Each structure stands twice: as C-alpha cells, then as structure tokens.
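To keep things clear, I will list the structure first and then write my remarks on it.
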Amino acid sequence: MFAIEDIREWRGHDVVDPSGSRIGELEAVYVDTATDQPSFATVKVGLPTRQRLVFAPLAGAAVGPGHLRLAHDKKEVKGAPSIGTDGELPASEEQAVFEYYDLPYGAAPTERRLGRR
C-alpha cells in the first residue's frame, strides 16, 4: 500500500481498471479511521453534465505513469455506491460501500469507518 501523502498527489489523474480501461478521475481518498491508512477512493465518472463520485477500494491498487490502477474492473466500479460531486457519504451509507465489494465492515453504530483526506 502507498502512503496517504503520496496518493493525495494523484488527485485529478486517471483511474484505470486492471486491463487499462479508463474508469474516471481520482477525486478523493478515504482512510480507514482505525488505521489512518488509505482504504477507498472516489472516482469521478459520467458525462460532464451528469457526473458522480463512485467508491472504489484501494486494496491491490498500484500507481503507474499518470494513472492509478485499481484491482476492480470498470463495470464493477461504475456500479458501486456513489454520491454527488459536491456530496458527502452519510455515515448510514458506509456499510453499503463495504458490502458492495464484499469487504468486512466493523464500525460501531456511533463510529465512522471512513474519513476523507
């Protein structure tokens, strides 16, 4: 995994799937609040007039020349839970992001598992 300081420098760069197909543009990084390690990214997808931010896990991701390569394919990422480009992920919807990718979610009801950096 890469350091949070490094991944933040990649904002605005292309995000691609394992085959190299462009998914969208890296918008933000969310860290696991228990470890402060990069956990998810939001990727800006859609047409310029109808853009949204989809959540994608950073586990297995790698940086390349001018892009961030995710471990999940384009179709899966584009179908992930999303928010508006000026939105924020409500605490009540965090678990759905983890469940979509079959990842364990262990936050207590009063805690958040993801924090935007």
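Chain labels A, B, ... are given in the sequence in which chains occur in the structure tokens; within each chain residues are numbered consecutively from 1, and ligands are likewise numbered from 1 in the order shown.
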
Quick one: residues within 10 Å of Ala56 (chain A), only C-alpha atoms, excluding same-chain residues fewer than 3 positions away - as a PyMOL selection string?
chain A and resi 29-30+39-43+53+59+61+70-72+76-78+80-82+97-98+100-101

Deliver the residues from the most recent selection as a file, using N, CA and C atoms, as a PDB file, in the first residue's frame.
```pdb
ATOM      1  N   VAL A  29      -9.471  10.636  -1.464  1.00  0.00           N
ATOM      2  CA  VAL A  29      -9.039   9.421  -0.792  1.00  0.00           C
ATOM      3  C   VAL A  29      -9.713   9.373   0.574  1.00  0.00           C
ATOM      4  N   TYR A  30     -10.215   8.213   0.935  1.00  0.00           N
ATOM      5  CA  TYR A  30     -10.813   7.984   2.241  1.00  0.00           C
ATOM      6  C   TYR A  30      -9.922   7.002   2.995  1.00  0.00           C
ATOM      7  N   SER A  39      -7.956   3.630   2.237  1.00  0.00           N
ATOM      8  CA  SER A  39      -8.853   2.490   2.158  1.00  0.00           C
ATOM      9  C   SER A  39      -9.713   2.518   0.896  1.00  0.00           C
ATOM     10  N   PHE A  40     -10.310   3.669   0.598  1.00  0.00           N
ATOM     11  CA  PHE A  40     -11.156   3.829  -0.583  1.00  0.00           C
ATOM     12  C   PHE A  40     -10.788   5.117  -1.301  1.00  0.00           C
ATOM     13  N   ALA A  41     -11.140   5.157  -2.562  1.00  0.00           N
ATOM     14  CA  ALA A  41     -11.007   6.379  -3.354  1.00  0.00           C
ATOM     15  C   ALA A  41     -12.373   6.693  -3.936  1.00  0.00           C
ATOM     16  N   THR A  42     -12.605   7.964  -4.212  1.00  0.00           N
ATOM     17  CA  THR A  42     -13.770   8.307  -5.011  1.00  0.00           C
ATOM     18  C   THR A  42     -13.256   8.649  -6.398  1.00  0.00           C
ATOM     19  N   VAL A  43     -13.974   8.137  -7.388  1.00  0.00           N
ATOM     20  CA  VAL A  43     -13.612   8.314  -8.785  1.00  0.00           C
ATOM     21  C   VAL A  43     -14.740   9.079  -9.473  1.00  0.00           C
ATOM     22  N   LEU A  53     -19.576  10.636  -8.013  1.00  0.00           N
ATOM     23  CA  LEU A  53     -18.374  10.054  -7.426  1.00  0.00           C
ATOM     24  C   LEU A  53     -18.697   8.648  -6.949  1.00  0.00           C
ATOM     25  N   ALA A  59      -7.253  -1.378  -1.910  1.00  0.00           N
ATOM     26  CA  ALA A  59      -6.501  -2.620  -1.713  1.00  0.00           C
ATOM     27  C   ALA A  59      -6.136  -3.193  -3.077  1.00  0.00           C
ATOM     28  N   ALA A  61      -4.398  -1.727  -5.336  1.00  0.00           N
ATOM     29  CA  ALA A  61      -4.181  -0.674  -6.337  1.00  0.00           C
ATOM     30  C   ALA A  61      -2.684  -0.394  -6.493  1.00  0.00           C
ATOM     31  N   LEU A  70      -6.659   0.292 -10.384  1.00  0.00           N
ATOM     32  CA  LEU A  70      -7.416  -0.400  -9.348  1.00  0.00           C
ATOM     33  C   LEU A  70      -7.419  -1.898  -9.605  1.00  0.00           C
ATOM     34  N   ALA A  71      -7.766  -2.664  -8.594  1.00  0.00           N
ATOM     35  CA  ALA A  71      -7.844  -4.114  -8.715  1.00  0.00           C
ATOM     36  C   ALA A  71      -9.230  -4.581  -9.173  1.00  0.00           C
ATOM     37  N   HIS A  72     -10.154  -3.644  -9.400  1.00  0.00           N
ATOM     38  CA  HIS A  72     -11.525  -3.977  -9.792  1.00  0.00           C
ATOM     39  C   HIS A  72     -11.792  -3.462 -11.202  1.00  0.00           C
ATOM     40  N   GLU A  76     -17.640  -2.971 -12.606  1.00  0.00           N
ATOM     41  CA  GLU A  76     -17.918  -3.118 -11.180  1.00  0.00           C
ATOM     42  C   GLU A  76     -17.803  -1.771 -10.458  1.00  0.00           C
ATOM     43  N   VAL A  77     -16.751  -1.021 -10.743  1.00  0.00           N
ATOM     44  CA  VAL A  77     -16.549   0.271 -10.076  1.00  0.00           C
ATOM     45  C   VAL A  77     -17.666   1.243 -10.435  1.00  0.00           C
ATOM     46  N   LYS A  78     -18.044   1.293 -11.703  1.00  0.00           N
ATOM     47  CA  LYS A  78     -19.091   2.234 -12.108  1.00  0.00           C
ATOM     48  C   LYS A  78     -20.457   1.894 -11.499  1.00  0.00           C
ATOM     49  N   ALA A  80     -20.786   0.869  -8.376  1.00  0.00           N
ATOM     50  CA  ALA A  80     -20.630   0.988  -6.925  1.00  0.00           C
ATOM     51  C   ALA A  80     -21.489   2.121  -6.355  1.00  0.00           C
ATOM     52  N   PRO A  81     -21.708   2.086  -5.047  1.00  0.00           N
ATOM     53  CA  PRO A  81     -22.418   3.196  -4.407  1.00  0.00           C
ATOM     54  C   PRO A  81     -21.724   4.518  -4.739  1.00  0.00           C
ATOM     55  N   SER A  82     -22.525   5.575  -4.879  1.00  0.00           N
ATOM     56  CA  SER A  82     -21.969   6.860  -5.287  1.00  0.00           C
ATOM     57  C   SER A  82     -22.620   8.003  -4.530  1.00  0.00           C
ATOM     58  N   VAL A  97     -21.142   0.561   1.086  1.00  0.00           N
ATOM     59  CA  VAL A  97     -19.927   0.636   0.263  1.00  0.00           C
ATOM     60  C   VAL A  97     -19.079  -0.619   0.490  1.00  0.00           C
ATOM     61  N   PHE A  98     -18.901  -0.994   1.748  1.00  0.00           N
ATOM     62  CA  PHE A  98     -18.113  -2.184   2.068  1.00  0.00           C
ATOM     63  C   PHE A  98     -18.805  -3.446   1.552  1.00  0.00           C
ATOM     64  N   TYR A 100     -20.847  -3.811  -0.942  1.00  0.00           N
ATOM     65  CA  TYR A 100     -20.809  -3.892  -2.399  1.00  0.00           C
ATOM     66  C   TYR A 100     -19.573  -4.655  -2.871  1.00  0.00           C
ATOM     67  N   TYR A 101     -18.452  -4.432  -2.206  1.00  0.00           N
ATOM     68  CA  TYR A 101     -17.197  -5.095  -2.582  1.00  0.00           C
ATOM     69  C   TYR A 101     -16.899  -6.325  -1.710  1.00  0.00           C
TER      70      TYR A 101
END
```

Using only C-alpha atoms, which protein or nucleic acid residues come within 10 Å of Gly20 (chain A)? Drop anything in the same chain fewer than 4 positions from it, and give the result as a PyMOL selection string.
chain A and resi 15-16+67-70+73-74

Next, write the just-selected residues to a file, as a PDB file, in the first residue's frame, keeping C-alpha atoms as the atom set.
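Output (part-v4.pdb):
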```pdb
ATOM      1  CA  VAL A  15      -8.068   5.862 -12.708  1.00  0.00           C
ATOM      2  CA  VAL A  16      -7.939   2.660 -14.755  1.00  0.00           C
ATOM      3  CA  HIS A  67      -2.653   6.842 -13.555  1.00  0.00           C
ATOM      4  CA  LEU A  68      -3.910   4.838 -10.598  1.00  0.00           C
ATOM      5  CA  ARG A  69      -4.684   1.199 -11.465  1.00  0.00           C
ATOM      6  CA  LEU A  70      -7.416  -0.400  -9.348  1.00  0.00           C
ATOM      7  CA  ASP A  73     -12.886  -3.777 -13.323  1.00  0.00           C
ATOM      8  CA  LYS A  74     -14.542  -0.734 -14.835  1.00  0.00           C
TER       9      LYS A  74
END
```

Give me the residues within 12 Å of Arg116 (chain A) as a PDB file with all heavy atoms, in the first residue's frame, counting only C-alpha atoms and dropping any in the same chain fewer than 2 places off.
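Just written: selection_27.pdb:
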```pdb
ATOM      1  N   ILE A   4      -0.537   7.876   2.472  1.00  0.00           N
ATOM      2  CA  ILE A   4      -1.608   8.829   2.180  1.00  0.00           C
ATOM      3  C   ILE A   4      -1.055  10.091   1.545  1.00  0.00           C
ATOM      4  O   ILE A   4      -1.667  10.672   0.660  1.00  0.00           O
ATOM      5  CB  ILE A   4      -2.439   9.138   3.454  1.00  0.00           C
ATOM      6  CG1 ILE A   4      -3.661   9.981   3.104  1.00  0.00           C
ATOM      7  CG2 ILE A   4      -1.617   9.833   4.505  1.00  0.00           C
ATOM      8  CD1 ILE A   4      -4.688   9.291   2.314  1.00  0.00           C
ATOM      9  N   ARG A   8      -2.508  11.365  -2.290  1.00  0.00           N
ATOM     10  CA  ARG A   8      -3.174  12.660  -2.456  1.00  0.00           C
ATOM     11  C   ARG A   8      -2.605  13.423  -3.646  1.00  0.00           C
ATOM     12  O   ARG A   8      -3.298  14.216  -4.258  1.00  0.00           O
ATOM     13  CB  ARG A   8      -3.051  13.485  -1.184  1.00  0.00           C
ATOM     14  CG  ARG A   8      -4.206  13.218  -0.246  1.00  0.00           C
ATOM     15  CD  ARG A   8      -4.251  14.246   0.812  1.00  0.00           C
ATOM     16  NE  ARG A   8      -3.362  13.807   1.881  1.00  0.00           N
ATOM     17  CZ  ARG A   8      -3.290  14.383   3.049  1.00  0.00           C
ATOM     18  NH1 ARG A   8      -4.000  15.426   3.323  1.00  0.00           N
ATOM     19  NH2 ARG A   8      -2.487  13.929   3.973  1.00  0.00           N
ATOM     20  N   GLU A  27     -10.753  11.647  -7.402  1.00  0.00           N
ATOM     21  CA  GLU A  27     -11.262  12.856  -6.772  1.00  0.00           C
ATOM     22  C   GLU A  27     -10.806  12.984  -5.326  1.00  0.00           C
ATOM     23  O   GLU A  27     -10.363  14.028  -4.904  1.00  0.00           O
ATOM     24  CB  GLU A  27     -12.799  12.864  -6.853  1.00  0.00           C
ATOM     25  CG  GLU A  27     -13.437  14.185  -6.511  1.00  0.00           C
ATOM     26  CD  GLU A  27     -13.679  14.360  -5.019  1.00  0.00           C
ATOM     27  OE1 GLU A  27     -13.801  13.357  -4.304  1.00  0.00           O
ATOM     28  OE2 GLU A  27     -13.729  15.508  -4.560  1.00  0.00           O
ATOM     29  N   ALA A  28     -10.915  11.915  -4.534  1.00  0.00           N
ATOM     30  CA  ALA A  28     -10.542  11.988  -3.118  1.00  0.00           C
ATOM     31  C   ALA A  28     -10.122  10.626  -2.611  1.00  0.00           C
ATOM     32  O   ALA A  28     -10.415   9.596  -3.225  1.00  0.00           O
ATOM     33  CB  ALA A  28     -11.712  12.513  -2.288  1.00  0.00           C
ATOM     34  N   VAL A  29      -9.471  10.636  -1.464  1.00  0.00           N
ATOM     35  CA  VAL A  29      -9.039   9.421  -0.792  1.00  0.00           C
ATOM     36  C   VAL A  29      -9.713   9.373   0.574  1.00  0.00           C
ATOM     37  O   VAL A  29      -9.778  10.386   1.276  1.00  0.00           O
ATOM     38  CB  VAL A  29      -7.506   9.400  -0.634  1.00  0.00           C
ATOM     39  CG1 VAL A  29      -7.057   8.206   0.193  1.00  0.00           C
ATOM     40  CG2 VAL A  29      -6.833   9.398  -1.994  1.00  0.00           C
ATOM     41  N   TYR A  30     -10.215   8.213   0.935  1.00  0.00           N
ATOM     42  CA  TYR A  30     -10.813   7.984   2.241  1.00  0.00           C
ATOM     43  C   TYR A  30      -9.922   7.002   2.995  1.00  0.00           C
ATOM     44  O   TYR A  30      -9.518   5.988   2.442  1.00  0.00           O
ATOM     45  CB  TYR A  30     -12.222   7.394   2.105  1.00  0.00           C
ATOM     46  CG  TYR A  30     -13.251   8.408   1.686  1.00  0.00           C
ATOM     47  CD1 TYR A  30     -13.314   8.873   0.377  1.00  0.00           C
ATOM     48  CD2 TYR A  30     -14.166   8.909   2.603  1.00  0.00           C
ATOM     49  CE1 TYR A  30     -14.258   9.818  -0.006  1.00  0.00           C
ATOM     50  CE2 TYR A  30     -15.118   9.846   2.226  1.00  0.00           C
ATOM     51  CZ  TYR A  30     -15.153  10.292   0.920  1.00  0.00           C
ATOM     52  OH  TYR A  30     -16.089  11.220   0.553  1.00  0.00           O
ATOM     53  N   VAL A  31      -9.619   7.339   4.236  1.00  0.00           N
ATOM     54  CA  VAL A  31      -8.785   6.467   5.056  1.00  0.00           C
ATOM     55  C   VAL A  31      -9.649   5.686   6.031  1.00  0.00           C
ATOM     56  O   VAL A  31     -10.752   6.108   6.399  1.00  0.00           O
ATOM     57  CB  VAL A  31      -7.716   7.264   5.836  1.00  0.00           C
ATOM     58  CG1 VAL A  31      -6.755   7.959   4.889  1.00  0.00           C
ATOM     59  CG2 VAL A  31      -8.343   8.261   6.790  1.00  0.00           C
ATOM     60  N   ASP A  32      -9.135   4.545   6.442  1.00  0.00           N
ATOM     61  CA  ASP A  32      -9.761   3.751   7.484  1.00  0.00           C
ATOM     62  C   ASP A  32      -9.475   4.481   8.792  1.00  0.00           C
ATOM     63  O   ASP A  32      -8.313   4.702   9.144  1.00  0.00           O
ATOM     64  CB  ASP A  32      -9.142   2.354   7.497  1.00  0.00           C
ATOM     65  CG  ASP A  32      -9.799   1.428   8.493  1.00  0.00           C
ATOM     66  OD1 ASP A  32     -10.121   1.871   9.615  1.00  0.00           O
ATOM     67  OD2 ASP A  32      -9.976   0.240   8.152  1.00  0.00           O
ATOM     68  N   THR A  33     -10.502   4.872   9.506  1.00  0.00           N
ATOM     69  CA  THR A  33     -10.310   5.676  10.717  1.00  0.00           C
ATOM     70  C   THR A  33      -9.594   4.906  11.820  1.00  0.00           C
ATOM     71  O   THR A  33      -9.025   5.522  12.716  1.00  0.00           O
ATOM     72  CB  THR A  33     -11.648   6.219  11.243  1.00  0.00           C
ATOM     73  OG1 THR A  33     -12.539   5.118  11.482  1.00  0.00           O
ATOM     74  CG2 THR A  33     -12.273   7.194  10.257  1.00  0.00           C
ATOM     75  N   ASP A  36      -5.774   4.827   9.868  1.00  0.00           N
ATOM     76  CA  ASP A  36      -5.350   6.016   9.130  1.00  0.00           C
ATOM     77  C   ASP A  36      -4.633   5.669   7.826  1.00  0.00           C
ATOM     78  O   ASP A  36      -3.843   6.451   7.302  1.00  0.00           O
ATOM     79  CB  ASP A  36      -4.488   6.938   9.998  1.00  0.00           C
ATOM     80  CG  ASP A  36      -4.586   8.385   9.524  1.00  0.00           C
ATOM     81  OD1 ASP A  36      -5.711   8.825   9.196  1.00  0.00           O
ATOM     82  OD2 ASP A  36      -3.550   9.067   9.462  1.00  0.00           O
ATOM     83  N   GLN A  37      -4.938   4.500   7.275  1.00  0.00           N
ATOM     84  CA  GLN A  37      -4.357   4.060   6.008  1.00  0.00           C
ATOM     85  C   GLN A  37      -5.377   4.274   4.887  1.00  0.00           C
ATOM     86  O   GLN A  37      -6.585   4.122   5.095  1.00  0.00           O
ATOM     87  CB  GLN A  37      -3.977   2.575   6.061  1.00  0.00           C
ATOM     88  CG  GLN A  37      -2.830   2.285   6.998  1.00  0.00           C
ATOM     89  CD  GLN A  37      -1.557   2.981   6.545  1.00  0.00           C
ATOM     90  OE1 GLN A  37      -1.143   2.871   5.396  1.00  0.00           O
ATOM     91  NE2 GLN A  37      -0.946   3.725   7.450  1.00  0.00           N
ATOM     92  N   PRO A  38      -4.907   4.587   3.670  1.00  0.00           N
ATOM     93  CA  PRO A  38      -5.828   4.740   2.538  1.00  0.00           C
ATOM     94  C   PRO A  38      -6.657   3.471   2.359  1.00  0.00           C
ATOM     95  O   PRO A  38      -6.106   2.371   2.348  1.00  0.00           O
ATOM     96  CB  PRO A  38      -4.903   4.964   1.347  1.00  0.00           C
ATOM     97  CG  PRO A  38      -3.625   5.458   1.941  1.00  0.00           C
ATOM     98  CD  PRO A  38      -3.515   4.792   3.290  1.00  0.00           C
ATOM     99  N   SER A  39      -7.956   3.630   2.237  1.00  0.00           N
ATOM    100  CA  SER A  39      -8.853   2.490   2.158  1.00  0.00           C
ATOM    101  C   SER A  39      -9.713   2.518   0.896  1.00  0.00           C
ATOM    102  O   SER A  39      -9.843   1.515   0.208  1.00  0.00           O
ATOM    103  CB  SER A  39      -9.734   2.481   3.402  1.00  0.00           C
ATOM    104  OG  SER A  39     -10.618   1.404   3.403  1.00  0.00           O
ATOM    105  N   PHE A  40     -10.310   3.669   0.598  1.00  0.00           N
ATOM    106  CA  PHE A  40     -11.156   3.829  -0.583  1.00  0.00           C
ATOM    107  C   PHE A  40     -10.788   5.117  -1.301  1.00  0.00           C
ATOM    108  O   PHE A  40     -10.235   6.033  -0.704  1.00  0.00           O
ATOM    109  CB  PHE A  40     -12.640   3.909  -0.190  1.00  0.00           C
ATOM    110  CG  PHE A  40     -13.282   2.581   0.051  1.00  0.00           C
ATOM    111  CD1 PHE A  40     -13.204   1.967   1.295  1.00  0.00           C
ATOM    112  CD2 PHE A  40     -13.970   1.928  -0.955  1.00  0.00           C
ATOM    113  CE1 PHE A  40     -13.786   0.743   1.538  1.00  0.00           C
ATOM    114  CE2 PHE A  40     -14.566   0.700  -0.734  1.00  0.00           C
ATOM    115  CZ  PHE A  40     -14.474   0.107   0.516  1.00  0.00           C
ATOM    116  N   ALA A  41     -11.140   5.157  -2.562  1.00  0.00           N
ATOM    117  CA  ALA A  41     -11.007   6.379  -3.354  1.00  0.00           C
ATOM    118  C   ALA A  41     -12.373   6.693  -3.936  1.00  0.00           C
ATOM    119  O   ALA A  41     -13.200   5.795  -4.120  1.00  0.00           O
ATOM    120  CB  ALA A  41     -10.009   6.183  -4.491  1.00  0.00           C
ATOM    121  N   THR A  42     -12.605   7.964  -4.212  1.00  0.00           N
ATOM    122  CA  THR A  42     -13.770   8.307  -5.011  1.00  0.00           C
ATOM    123  C   THR A  42     -13.256   8.649  -6.398  1.00  0.00           C
ATOM    124  O   THR A  42     -12.235   9.326  -6.554  1.00  0.00           O
ATOM    125  CB  THR A  42     -14.586   9.479  -4.435  1.00  0.00           C
ATOM    126  OG1 THR A  42     -13.734  10.570  -4.143  1.00  0.00           O
ATOM    127  CG2 THR A  42     -15.332   9.058  -3.195  1.00  0.00           C
ATOM    128  N   PHE A  55     -17.331   4.954  -5.252  1.00  0.00           N
ATOM    129  CA  PHE A  55     -16.340   4.492  -4.291  1.00  0.00           C
ATOM    130  C   PHE A  55     -15.661   3.231  -4.804  1.00  0.00           C
ATOM    131  O   PHE A  55     -16.318   2.332  -5.327  1.00  0.00           O
ATOM    132  CB  PHE A  55     -17.007   4.218  -2.938  1.00  0.00           C
ATOM    133  CG  PHE A  55     -17.356   5.479  -2.214  1.00  0.00           C
ATOM    134  CD1 PHE A  55     -18.534   6.160  -2.507  1.00  0.00           C
ATOM    135  CD2 PHE A  55     -16.500   6.013  -1.271  1.00  0.00           C
ATOM    136  CE1 PHE A  55     -18.851   7.328  -1.859  1.00  0.00           C
ATOM    137  CE2 PHE A  55     -16.803   7.190  -0.618  1.00  0.00           C
ATOM    138  CZ  PHE A  55     -17.980   7.853  -0.913  1.00  0.00           C
ATOM    139  N   GLY A  87     -21.240  16.128  -2.823  1.00  0.00           N
ATOM    140  CA  GLY A  87     -21.848  15.432  -1.696  1.00  0.00           C
ATOM    141  C   GLY A  87     -20.846  14.863  -0.716  1.00  0.00           C
ATOM    142  O   GLY A  87     -19.633  14.962  -0.882  1.00  0.00           O
ATOM    143  N   GLU A  88     -21.397  14.291   0.321  1.00  0.00           N
ATOM    144  CA  GLU A  88     -20.610  13.655   1.372  1.00  0.00           C
ATOM    145  C   GLU A  88     -21.274  12.321   1.680  1.00  0.00           C
ATOM    146  O   GLU A  88     -22.502  12.214   1.668  1.00  0.00           O
ATOM    147  CB  GLU A  88     -20.603  14.539   2.610  1.00  0.00           C
ATOM    148  CG  GLU A  88     -19.721  14.051   3.709  1.00  0.00           C
ATOM    149  CD  GLU A  88     -19.675  15.030   4.869  1.00  0.00           C
ATOM    150  OE1 GLU A  88     -19.503  16.229   4.615  1.00  0.00           O
ATOM    151  OE2 GLU A  88     -19.819  14.576   6.013  1.00  0.00           O
ATOM    152  N   LEU A  89     -20.478  11.309   1.963  1.00  0.00           N
ATOM    153  CA  LEU A  89     -21.013   9.992   2.273  1.00  0.00           C
ATOM    154  C   LEU A  89     -21.625  10.007   3.674  1.00  0.00           C
ATOM    155  O   LEU A  89     -20.910  10.206   4.665  1.00  0.00           O
ATOM    156  CB  LEU A  89     -19.901   8.937   2.205  1.00  0.00           C
ATOM    157  CG  LEU A  89     -20.317   7.500   2.508  1.00  0.00           C
ATOM    158  CD1 LEU A  89     -21.280   6.978   1.437  1.00  0.00           C
ATOM    159  CD2 LEU A  89     -19.091   6.611   2.610  1.00  0.00           C
ATOM    160  N   PRO A  90     -22.941   9.806   3.776  1.00  0.00           N
ATOM    161  CA  PRO A  90     -23.565   9.760   5.097  1.00  0.00           C
ATOM    162  C   PRO A  90     -23.079   8.524   5.866  1.00  0.00           C
ATOM    163  O   PRO A  90     -22.838   7.471   5.273  1.00  0.00           O
ATOM    164  CB  PRO A  90     -25.064   9.648   4.802  1.00  0.00           C
ATOM    165  CG  PRO A  90     -25.220  10.044   3.374  1.00  0.00           C
ATOM    166  CD  PRO A  90     -23.927   9.708   2.707  1.00  0.00           C
ATOM    167  N   ARG A 112     -17.571   6.201  12.664  1.00  0.00           N
ATOM    168  CA  ARG A 112     -17.403   6.167  11.209  1.00  0.00           C
ATOM    169  C   ARG A 112     -16.187   5.321  10.913  1.00  0.00           C
ATOM    170  O   ARG A 112     -15.210   5.351  11.637  1.00  0.00           O
ATOM    171  CB  ARG A 112     -17.193   7.585  10.665  1.00  0.00           C
ATOM    172  CG  ARG A 112     -18.493   8.393  10.754  1.00  0.00           C
ATOM    173  CD  ARG A 112     -18.461   9.532   9.822  1.00  0.00           C
ATOM    174  NE  ARG A 112     -18.507   9.058   8.460  1.00  0.00           N
ATOM    175  CZ  ARG A 112     -19.316   9.548   7.534  1.00  0.00           C
ATOM    176  NH1 ARG A 112     -20.122  10.512   7.811  1.00  0.00           N
ATOM    177  NH2 ARG A 112     -19.279   9.099   6.307  1.00  0.00           N
ATOM    178  N   ARG A 113     -16.239   4.595   9.823  1.00  0.00           N
ATOM    179  CA  ARG A 113     -15.119   3.758   9.423  1.00  0.00           C
ATOM    180  C   ARG A 113     -14.250   4.458   8.371  1.00  0.00           C
ATOM    181  O   ARG A 113     -13.086   4.140   8.227  1.00  0.00           O
ATOM    182  CB  ARG A 113     -15.669   2.445   8.878  1.00  0.00           C
ATOM    183  CG  ARG A 113     -14.670   1.469   8.376  1.00  0.00           C
ATOM    184  CD  ARG A 113     -14.099   0.612   9.484  1.00  0.00           C
ATOM    185  NE  ARG A 113     -13.011  -0.189   8.990  1.00  0.00           N
ATOM    186  CZ  ARG A 113     -13.135  -1.406   8.482  1.00  0.00           C
ATOM    187  NH1 ARG A 113     -14.308  -1.977   8.422  1.00  0.00           N
ATOM    188  NH2 ARG A 113     -12.087  -2.057   8.050  1.00  0.00           N
ATOM    189  N   LEU A 114     -14.843   5.412   7.635  1.00  0.00           N
ATOM    190  CA  LEU A 114     -14.112   6.109   6.573  1.00  0.00           C
ATOM    191  C   LEU A 114     -14.022   7.596   6.878  1.00  0.00           C
ATOM    192  O   LEU A 114     -14.994   8.209   7.291  1.00  0.00           O
ATOM    193  CB  LEU A 114     -14.821   5.920   5.225  1.00  0.00           C
ATOM    194  CG  LEU A 114     -14.887   4.497   4.690  1.00  0.00           C
ATOM    195  CD1 LEU A 114     -15.718   4.464   3.409  1.00  0.00           C
ATOM    196  CD2 LEU A 114     -13.494   3.946   4.438  1.00  0.00           C
TER     197      LEU A 114
END
```

Every residue of chain A that DSSP places in alpha helix (DSSP H), as a ChimeraX atom specification
/A:4-8,74-78,94-100

Next, the residues of the selection above should be written as a CSV table (one decimal), in the first residue's frame with N, CA, C and O atoms.
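result-v2.csv was written with the following content:
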```csv
chain,number,residue,atom,x,y,z
A,4,ILE,N,-0.5,7.9,2.5
A,4,ILE,CA,-1.6,8.8,2.2
A,4,ILE,C,-1.1,10.1,1.5
A,4,ILE,O,-1.7,10.7,0.7
A,5,GLU,N,0.1,10.5,1.9
A,5,GLU,CA,0.7,11.7,1.4
A,5,GLU,C,1.0,11.5,-0.1
A,5,GLU,O,0.8,12.4,-0.9
A,6,ASP,N,1.4,10.3,-0.5
A,6,ASP,CA,1.6,10.0,-1.9
A,6,ASP,C,0.4,10.0,-2.8
A,6,ASP,O,0.3,10.6,-3.8
A,7,ILE,N,-0.6,9.3,-2.3
A,7,ILE,CA,-1.9,9.1,-3.1
A,7,ILE,C,-2.6,10.5,-3.3
A,7,ILE,O,-3.2,10.7,-4.3
A,8,ARG,N,-2.5,11.4,-2.3
A,8,ARG,CA,-3.2,12.7,-2.5
A,8,ARG,C,-2.6,13.4,-3.6
A,8,ARG,O,-3.3,14.2,-4.3
A,74,LYS,N,-13.8,-2.0,-14.6
A,74,LYS,CA,-14.5,-0.7,-14.8
A,74,LYS,C,-16.0,-0.9,-14.5
A,74,LYS,O,-16.6,0.0,-13.9
A,75,LYS,N,-16.6,-1.9,-15.0
A,75,LYS,CA,-18.1,-2.1,-14.8
A,75,LYS,C,-18.4,-2.2,-13.4
A,75,LYS,O,-19.4,-1.7,-12.9
A,76,GLU,N,-17.6,-3.0,-12.6
A,76,GLU,CA,-17.9,-3.1,-11.2
A,76,GLU,C,-17.8,-1.8,-10.5
A,76,GLU,O,-18.7,-1.4,-9.7
A,77,VAL,N,-16.8,-1.0,-10.7
A,77,VAL,CA,-16.5,0.3,-10.1
A,77,VAL,C,-17.7,1.2,-10.4
A,77,VAL,O,-18.2,1.9,-9.6
A,78,LYS,N,-18.0,1.3,-11.7
A,78,LYS,CA,-19.1,2.2,-12.1
A,78,LYS,C,-20.5,1.9,-11.5
A,78,LYS,O,-21.3,2.8,-11.4
A,94,GLU,N,-22.2,4.1,4.8
A,94,GLU,CA,-20.8,3.5,4.8
A,94,GLU,C,-20.9,2.0,4.6
A,94,GLU,O,-20.1,1.4,3.8
A,95,GLN,N,-21.7,1.3,5.3
A,95,GLN,CA,-21.7,-0.1,5.3
A,95,GLN,C,-22.0,-0.7,3.9
A,95,GLN,O,-21.5,-1.7,3.5
A,96,ALA,N,-22.9,0.0,3.2
A,96,ALA,CA,-23.3,-0.4,1.8
A,96,ALA,C,-22.1,-0.4,0.9
A,96,ALA,O,-21.9,-1.2,0.0
A,97,VAL,N,-21.1,0.6,1.1
A,97,VAL,CA,-19.9,0.6,0.3
A,97,VAL,C,-19.1,-0.6,0.5
A,97,VAL,O,-18.6,-1.3,-0.5
A,98,PHE,N,-18.9,-1.0,1.7
A,98,PHE,CA,-18.1,-2.2,2.1
A,98,PHE,C,-18.8,-3.4,1.6
A,98,PHE,O,-18.2,-4.3,1.0
A,99,GLU,N,-20.1,-3.5,1.8
A,99,GLU,CA,-20.9,-4.7,1.3
A,99,GLU,C,-20.8,-4.9,-0.2
A,99,GLU,O,-20.8,-6.0,-0.7
A,100,TYR,N,-20.8,-3.8,-0.9
A,100,TYR,CA,-20.8,-3.9,-2.4
A,100,TYR,C,-19.6,-4.7,-2.9
A,100,TYR,O,-19.6,-5.4,-3.8
```

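Separating CA of Tyr105 (chain A) from CA of Gly60 (chain A) is a distance of 18.1 Å.
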
Would you list, as a count of residues only, the residues of chain A that end up in strand (DSSP E or B) under DSSP run on this structure's backbone?
41

With only C-alpha atoms as the basis for distance, which of A:Ala34, A:Leu47, A:Ala107, A:Ile23 is at the shortest distance from Ala91 (chain A)?
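When distances to Ala91 (chain A) are compared using only C-alpha atoms, the smallest one comes from A:Ala107.
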
Residues at most 8 Å from Arg52 (chain A), counting only C-alpha atoms, excluding those fewer than 6 positions away in the same chain, as a list in words?
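Close residues of Arg52 (chain A): Lys44, Val45, Gly46, Ser82, Ile83, Gly84 and Thr85 of chain A.
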
CA of Gly115 (chain A) and CA of Ser92 (chain A) are how many Å apart?
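Taking CA of Gly115 (chain A) and CA of Ser92 (chain A), their separation equals 13.6 Å.
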